[in-house]
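This report concerns only the one structure given below.
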Amino acid sequence: MITIEHLSKTYRKGAWALLDVSLQFDKGMTGLLGPNGAGKTTLMRILSTLLSPTSGQVRMNGISLGRPEEIRQMIGYLPQHFHIYPQLTGRDYLDYVAAMKGITDRNARMKEISRLLEMVNLQEKADKKVRTYSGGMKQRLGIAQALLGSPDVLIVDEPTSGLDPQERVRFRNVLTRFSINRTVLLSTHIVADIESNCRRIAVMNKGRLVMTGSLAELQACGQGQVWEAVMSPDEFALIDPMSVVSTRTVPEGILCRFISPTAPVEGAFAADPSLEDGYLALLRRDRHA
Amino acid sequence: MHKWWRHSLLELRLLFGNPLFASMPIIYAVLFIVMMLQAASGNGADHNLYTAAYSFHMLGHTMTLGPAMLIGILSIRRDISRRSFEWNHSLPVPFFTLLSSKYVVSLLYFSLFTLSTSVSKGIASEIAIMHTMQIAVQYEVSYMVTLALAMLLGASIPNRIVYLIGFCAWMFGTFFMEIYIISELKWLPAQVFHLNQFFLQSNRYEYENWGYGLLTEDIQLARWFVLAFTLMLLTVCLFLLNRRRPTMLLRAGWVVVLGAFVLTAIAAVPYSTIWSERYAQIDNRLEDPSVSYVNDTEIGSIYRVSSYDIKLKRLPNDELLVTARLNIPLSEEVSGKKQLPLTLNRMFKLDRVQLQGVDAPYRRQGERISVSMAGVANGNDIQAELTYRGHVMDFMPGYSSEEFAAYSVGPEVKLEGHMAWYPLPGHQNVYLKNPEENNRPTEMYLGGEYGVMRYSIGDMRLEVEGYPVPLYTGMKELERRPGYQRFEVQGTEQNVSLYGGKFWREIRLNQFPVMVVTTPYLEKTSKLMLRDLKKKHDYFAKWVPEFKGSVDKILYLGQGFRYPRVDHSLILSSHQYTYNISNLSGEWMNSILFGNQDAIYNYYEHPERDVRGKISSLFWYVYYIEEKGLSDKELRSAYLNLRSVQQLLFKNGDGSDPQNKIGISMAKQVRRALEEGRGHQVKELLVHFYQQGVRLPDTERNKFLDPEKPITYKEWQQKWDAMMNVK
């Protein structure tokens, strides 16, 4: 369990990257959603003991972040931008990380590495140099290194960017399996990543926590805010593009979906919100607040 | 430890996985081996494997410090400093593990370069190992500090500009430091910050004798300071790395950094003390009113000392205890005087002065001692006895390095007469200082180098005790046993020098009276030169009945003597500044033939009044024609490598004979006679003048020298006509 209390972080230039964030993550997977610059990565880096908070408290399984050396023993971390020594093979790299995580027994290490390579579908490329890997393969190797040693807490920062749909599905499944009886924190700005896996969700914007709750609660944020209207191309050209969240061509013209507290155009009709609509409505509401 | 070991394996793999880095030590070793083989196969007079190795390290080691700087920076930037590698910051591995592992592996990698330091071909293993170890340790120390500096740069400068800054640090810490800070500004203590201790200009490692053996304490203290400084750089580096992520060790880091600073400061104290003592020594002389200005040297009158009896004892701590007995005949310079003036180097503390066996009061200012002659009975020779002691290590800042005018440190001994290590008559200028208008003087010079020292003519007896090696001097060695030597010379200029060095070798040839004393790395070339000398010696011995020079030893060193010179029966020679190195045996033979020719250039002005210099040159002219078959043209074109042909063949004469007509005509006479088969008469004529005396000592410097009479050109012509036309 991770408990965050009044966590704030400011950088030298004075802007608040995190402002008074209080949160609690239980076992299972929690999605951390937010637009670019919302403070997700800052929060992730603080939780991964890479950054010190300016103020506030964090406890992981009862251990304060003030004892980072102990925290590092229990976490696995995959950063947003991930590079590996290109001279190493995937297996050698994982072997190195396993040793760094304190797995001294060679047999146990090799067994664990083989299991993880299979899990991330890299067993065939395991003995090739990392420099020959595609971006997706490197990302999978990254998740494998984070999972090494079966950490109690797994922190993954926007892991699916750069993955093709098939890899993304596999990746989600890996995380889902791993999150049983463990705490997994998944940061993303892709709603679909969260929709299928996460039990709970936290939405951040501009360094603040905007909402925390279940997927249904996030979806409910879009209730009464979602509209659809069929428009001709000429009419479409005149509307505010910022209010449109999606468009689809239909025989009658262009079917536009809007997030708006009132009907955005004449003839618009209310629609059921999706999770993404709820998220966008929440951000819009936050922006206008 | 397991993590440290595994990370070290990774670092090794990353280093040797890079083809450039992997190949560099091999390229370096190949270059070193090729150069050393080339040097070892040389037969020239300047062949010296040690010097060749030094020349390689001088530049080669500096070149390897560039990669050390690069690898140091790279090892930090490669993963620790890159945001995309921050996954490894979340691993439960302290930065201490990463940093120490990177440092040790990088150092191990550069130790491969250190392997290319052996200088052993043809040298006794104990000597080769000693030098190799010294050079290797110095290599390692340089790599240690360079890597630490580079890693600190890598940790403190996040931008890629760190590579440029590293390059500048490399250049600053090597070439710029030596050329500007050490040489131009003369901040000699800054040598310790030079990344490559094999300087372009230095006496420290460049020569096998009187080099680092002389500076053992200095070098040890400098190394301790450098190691403490390295530790400080590493602790600061670790501290900066620890600041990159939360840690409980930050406070402890402050303490460690503070501790490292304190340790560095403590290590700097003994090193700086050495230098402050050296500069205090210089300041003491500069401020001493008894030390004359270089342009205002008053050469006072000196009196004759008929004999010296000196007992020199070296204690294990290098302190010298000396008792010198002087017998001073009564002369107008001393009789009736209240004070007996003497000169003794200030490095020695006087314990007692006695005149006629009774303690005598004295005053001393610097080198100048004035002994009260009150109560000394007139009419007898004065018997003076001085007992004194002191450590001899006389620092003189040179152009770009520390130089020592005199020393006695273990087996390393250079005690020259002009340094007044025994009492010289009169008040003399052992040191001189430069005049600086409106400012205090800043430079010290040696009176001996400015020709202002004066010596008496008489007998000398010297006993030396306590040295681990034999010492060499121009006096005749009467007795030698371990730790003891006895020397004696009669009726000679009392300018006596003592030399000694570790591992010096005595090289002799069968049935040849002259031996060469040299260093191990010059042994091979010395043997060749000695053989060459023997050929010349044999040639002249055929027609010169008895050589005037009394030389029986040649001290041939890599460094130490600017120009070859004769010190009684000893020739002092080194190839440090010798231009005609290939004909060094000719220089030696010339000294054996003619003895001291210090003043040969003083006799140019009026050749019609004195042709002694030209006659001595004719000996060599005959040699080159008979033995080498050289024409005048060939002699002129090779004059740099030949002995004494300038005075005969070149049209640039001095004084009253600017066209050198006399010299050229004498040479023509001789060549014609040789071509006519009258070589025997020519040699007879030359021997006639030789026996009459053609030595050219510097009588200006020593009024007690009894110079041989000049030989006028007219005398030469008359004798020539008499011998050549009659016979």
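A note on labels: chains of the structure tokens are A, B, ... as shown, every chain counts residues from 1, and ligands are counted from 1 in their shown order.
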Give me the residues near Phe178 in chain A as a VMD selection string, where near means some atom within 12 Å (using only C-alpha atoms) and where sequence neighbours in that chain fewer than 5 positions away do not count. chain A and resid 27 to 29 76 116 119 to 120 143 to 144 146 to 155 171 to 173 183 to 185 197
Mind running chain A against chain B at 6 Å and telling me each contacting residue's nearest atom pair with the distance in Å (one decimal), counting only C-alpha atoms, chain and number ascending, as a tab-separated table?
residue	atom	partner	partner_atom	distance
A:Ser48	CA	B:Ser90	CA	5.9
A:Leu50	CA	B:Arg245	CA	4.7
A:Leu51	CA	B:Arg245	CA	5.4
A:Ser52	CA	B:Pro246	CA	5.6
A:Pro68	CA	B:Thr247	CA	5.8
A:Arg72	CA	B:Pro92	CA	5.0
A:Gln73	CA	B:Pro92	CA	5.6
A:His81	CA	B:Ser84	CA	5.0
A:Phe82	CA	B:Ser84	CA	4.7
A:His83	CA	B:Ser84	CA	5.3
A:Met100	CA	B:Lys3	CA	5.4
Excluding Gly60 in chain B and residues on its chain fewer than 2 positions from it, collect all residues at most 12 Å away from it, counting only C-alpha atoms, and give them as an MDAnalysis selection string. chainID B and resid 24:25 27:29 31:32 35 52:58 62:67 113:114 116:117 139 174 196:200
Where does DSSP see strand (DSSP E) in range 241-284 of chain A, if you list the residues as an MDAnalysis selection string? chainID A and resid 244:250 253:259 269:270
So that I have them on file, write out the residues from the current selection with C-alpha atoms, as a short mmCIF file (atom, residue, chain, number, x, y, z; two decimals), in the first residue's frame.
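Printed below is again.cif as written:
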data_model
loop_
_atom_site.label_atom_id
_atom_site.label_comp_id
_atom_site.auth_asym_id
_atom_site.auth_seq_id
_atom_site.Cartn_x
_atom_site.Cartn_y
_atom_site.Cartn_z
CA VAL A 244 -15.01 18.55 -30.55
CA VAL A 245 -13.59 15.36 -29.10
CA SER A 246 -14.16 13.09 -32.06
CA THR A 247 -15.62 13.05 -35.54
CA ARG A 248 -16.89 10.30 -37.77
CA THR A 249 -18.11 10.49 -41.37
CA VAL A 250 -21.65 9.21 -41.80
CA GLY A 253 -22.47 14.37 -43.13
CA ILE A 254 -20.00 14.47 -40.21
CA LEU A 255 -20.99 13.06 -36.87
CA CYS A 256 -19.30 15.19 -34.26
CA ARG A 257 -19.01 14.41 -30.54
CA PHE A 258 -18.74 17.32 -28.17
CA ILE A 259 -17.91 17.82 -24.53
CA PHE A 269 -28.42 15.43 -28.89
CA ALA A 270 -27.11 14.08 -25.54
#
For range 110-112 of chain A, list every protein, DNA or RNA residue within 12 Å, evaluated using only C-alpha atoms, and leave out those in the same chain fewer than 3 positions away; present the list as a list in words.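 In the requested form, the answer reads Arg91, Asp92, Tyr93, Leu94, Asp95, Tyr96, Val97, Ala98, Ala99, Ile103, Thr104, Asp105, Arg106, Asn107, Arg115, Leu116, Leu117, Glu118, Met119, Ala126, Ala144, Gln145, Leu147, Leu148, Gly149 and Ser150 of chain A.
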Tell me, in Å to one decimal, how far CA of Val611 in chain B is from CA of Ala667 in chain B. 12.2 Å
In Å, with one decimal, what is the gap from CA of Ile457 in chain B to CA of Gln494 in chain B?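 If I compute the distance from CA of Ile457 in chain B to CA of Gln494 in chain B, I get 5.6 Å.
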List every residue of range 429-639 of chain B that DSSP, applied to the backbone of this structure, assigns to helix (DSSP H, G or I), and report them as a PyMOL selection string. chain B and resi 520-543+581-594+600-603+612-628+632-637+639
Print the selection's residues with C-alpha atoms to a file, as a compact mmCIF listing (two decimals), in the first residue's frame.
# COMPACT_ATOMS: atom_id res chain seq x y z
CA PRO B 520 73.98 1.41 -16.31
CA TYR B 521 72.01 2.65 -19.30
CA LEU B 522 75.09 4.35 -20.73
CA GLU B 523 77.28 1.30 -20.23
CA LYS B 524 76.88 -0.04 -23.73
CA THR B 525 77.65 3.24 -25.43
CA SER B 526 80.44 3.99 -22.97
CA LYS B 527 82.18 0.77 -23.91
CA LEU B 528 81.98 1.72 -27.56
CA MET B 529 83.31 5.17 -26.86
CA LEU B 530 86.05 3.83 -24.68
CA ARG B 531 87.16 1.57 -27.54
CA ASP B 532 87.05 4.54 -29.85
CA LEU B 533 89.05 6.55 -27.35
CA LYS B 534 91.61 3.77 -27.16
CA LYS B 535 92.08 3.91 -30.95
CA LYS B 536 92.75 7.63 -30.76
CA HIS B 537 94.91 7.16 -27.70
CA ASP B 538 96.95 4.46 -29.47
CA TYR B 539 97.35 6.69 -32.51
CA PHE B 540 98.72 9.63 -30.56
CA ALA B 541 100.76 7.39 -28.25
CA LYS B 542 102.72 6.30 -31.32
CA TRP B 543 104.26 9.71 -31.78
CA ILE B 581 78.11 13.97 -29.25
CA SER B 582 79.34 11.68 -32.00
CA ASN B 583 82.88 12.82 -31.38
CA LEU B 584 82.81 12.77 -27.62
CA SER B 585 85.73 10.36 -27.56
CA GLY B 586 87.65 13.03 -29.49
CA GLU B 587 86.81 15.57 -26.81
CA TRP B 588 88.06 13.16 -24.19
CA MET B 589 91.25 12.46 -26.13
CA ASN B 590 91.80 16.17 -26.48
CA SER B 591 91.63 16.52 -22.70
CA ILE B 592 94.05 13.63 -22.28
CA LEU B 593 96.42 15.27 -24.75
CA PHE B 594 96.24 18.83 -23.59
CA ILE B 600 91.26 28.21 -25.74
CA TYR B 601 88.92 30.92 -26.94
CA ASN B 602 90.90 33.63 -25.11
CA TYR B 603 93.83 33.15 -27.44
CA ARG B 612 99.31 27.44 -29.13
CA GLY B 613 95.64 26.91 -29.89
CA LYS B 614 96.43 26.36 -33.57
CA ILE B 615 99.29 24.00 -32.81
CA SER B 616 97.03 21.85 -30.62
CA SER B 617 94.52 21.88 -33.47
CA LEU B 618 97.21 20.63 -35.84
CA PHE B 619 97.49 17.44 -33.81
CA TRP B 620 93.91 16.70 -34.80
CA TYR B 621 94.43 17.94 -38.33
CA VAL B 622 97.19 15.40 -38.76
CA TYR B 623 94.99 12.73 -37.18
CA TYR B 624 92.10 13.39 -39.53
CA ILE B 625 94.35 13.34 -42.58
CA GLU B 626 96.31 10.26 -41.62
CA GLU B 627 93.62 8.16 -39.97
CA LYS B 628 90.50 9.29 -41.77
CA ASP B 632 89.98 20.27 -45.97
CA LYS B 633 86.56 20.58 -47.58
CA GLU B 634 85.33 17.49 -45.75
CA LEU B 635 86.78 18.77 -42.51
CA ARG B 636 85.09 22.11 -42.93
CA SER B 637 81.72 20.57 -43.68
CA TYR B 639 83.50 20.69 -38.29
Counting only C-alpha atoms, the option among A:Ser114, A:Ala108, A:Arg170, A:Val191 closest to Gly136 in chain A: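 Ranked by minimum distance to Gly136 in chain A, first place goes to A:Arg170.
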Write out as a list of chain:residue names the residues lying within 9 Å of Arg59 in chain A, counting only C-alpha atoms and excluding same-chain residues fewer than 3 positions away. A:Met1, A:Ile2, A:Thr3, A:Ile4, A:Glu5, A:Gly62, A:Ile63, A:Ser64, A:Leu65, A:Gly66
Just the residues within 7 Å of Asn429 in chain B, please, counting only C-alpha atoms, with nothing from its chain fewer than 4 positions along; format it as a ChimeraX atom specification. /B:291-292,447,452-453
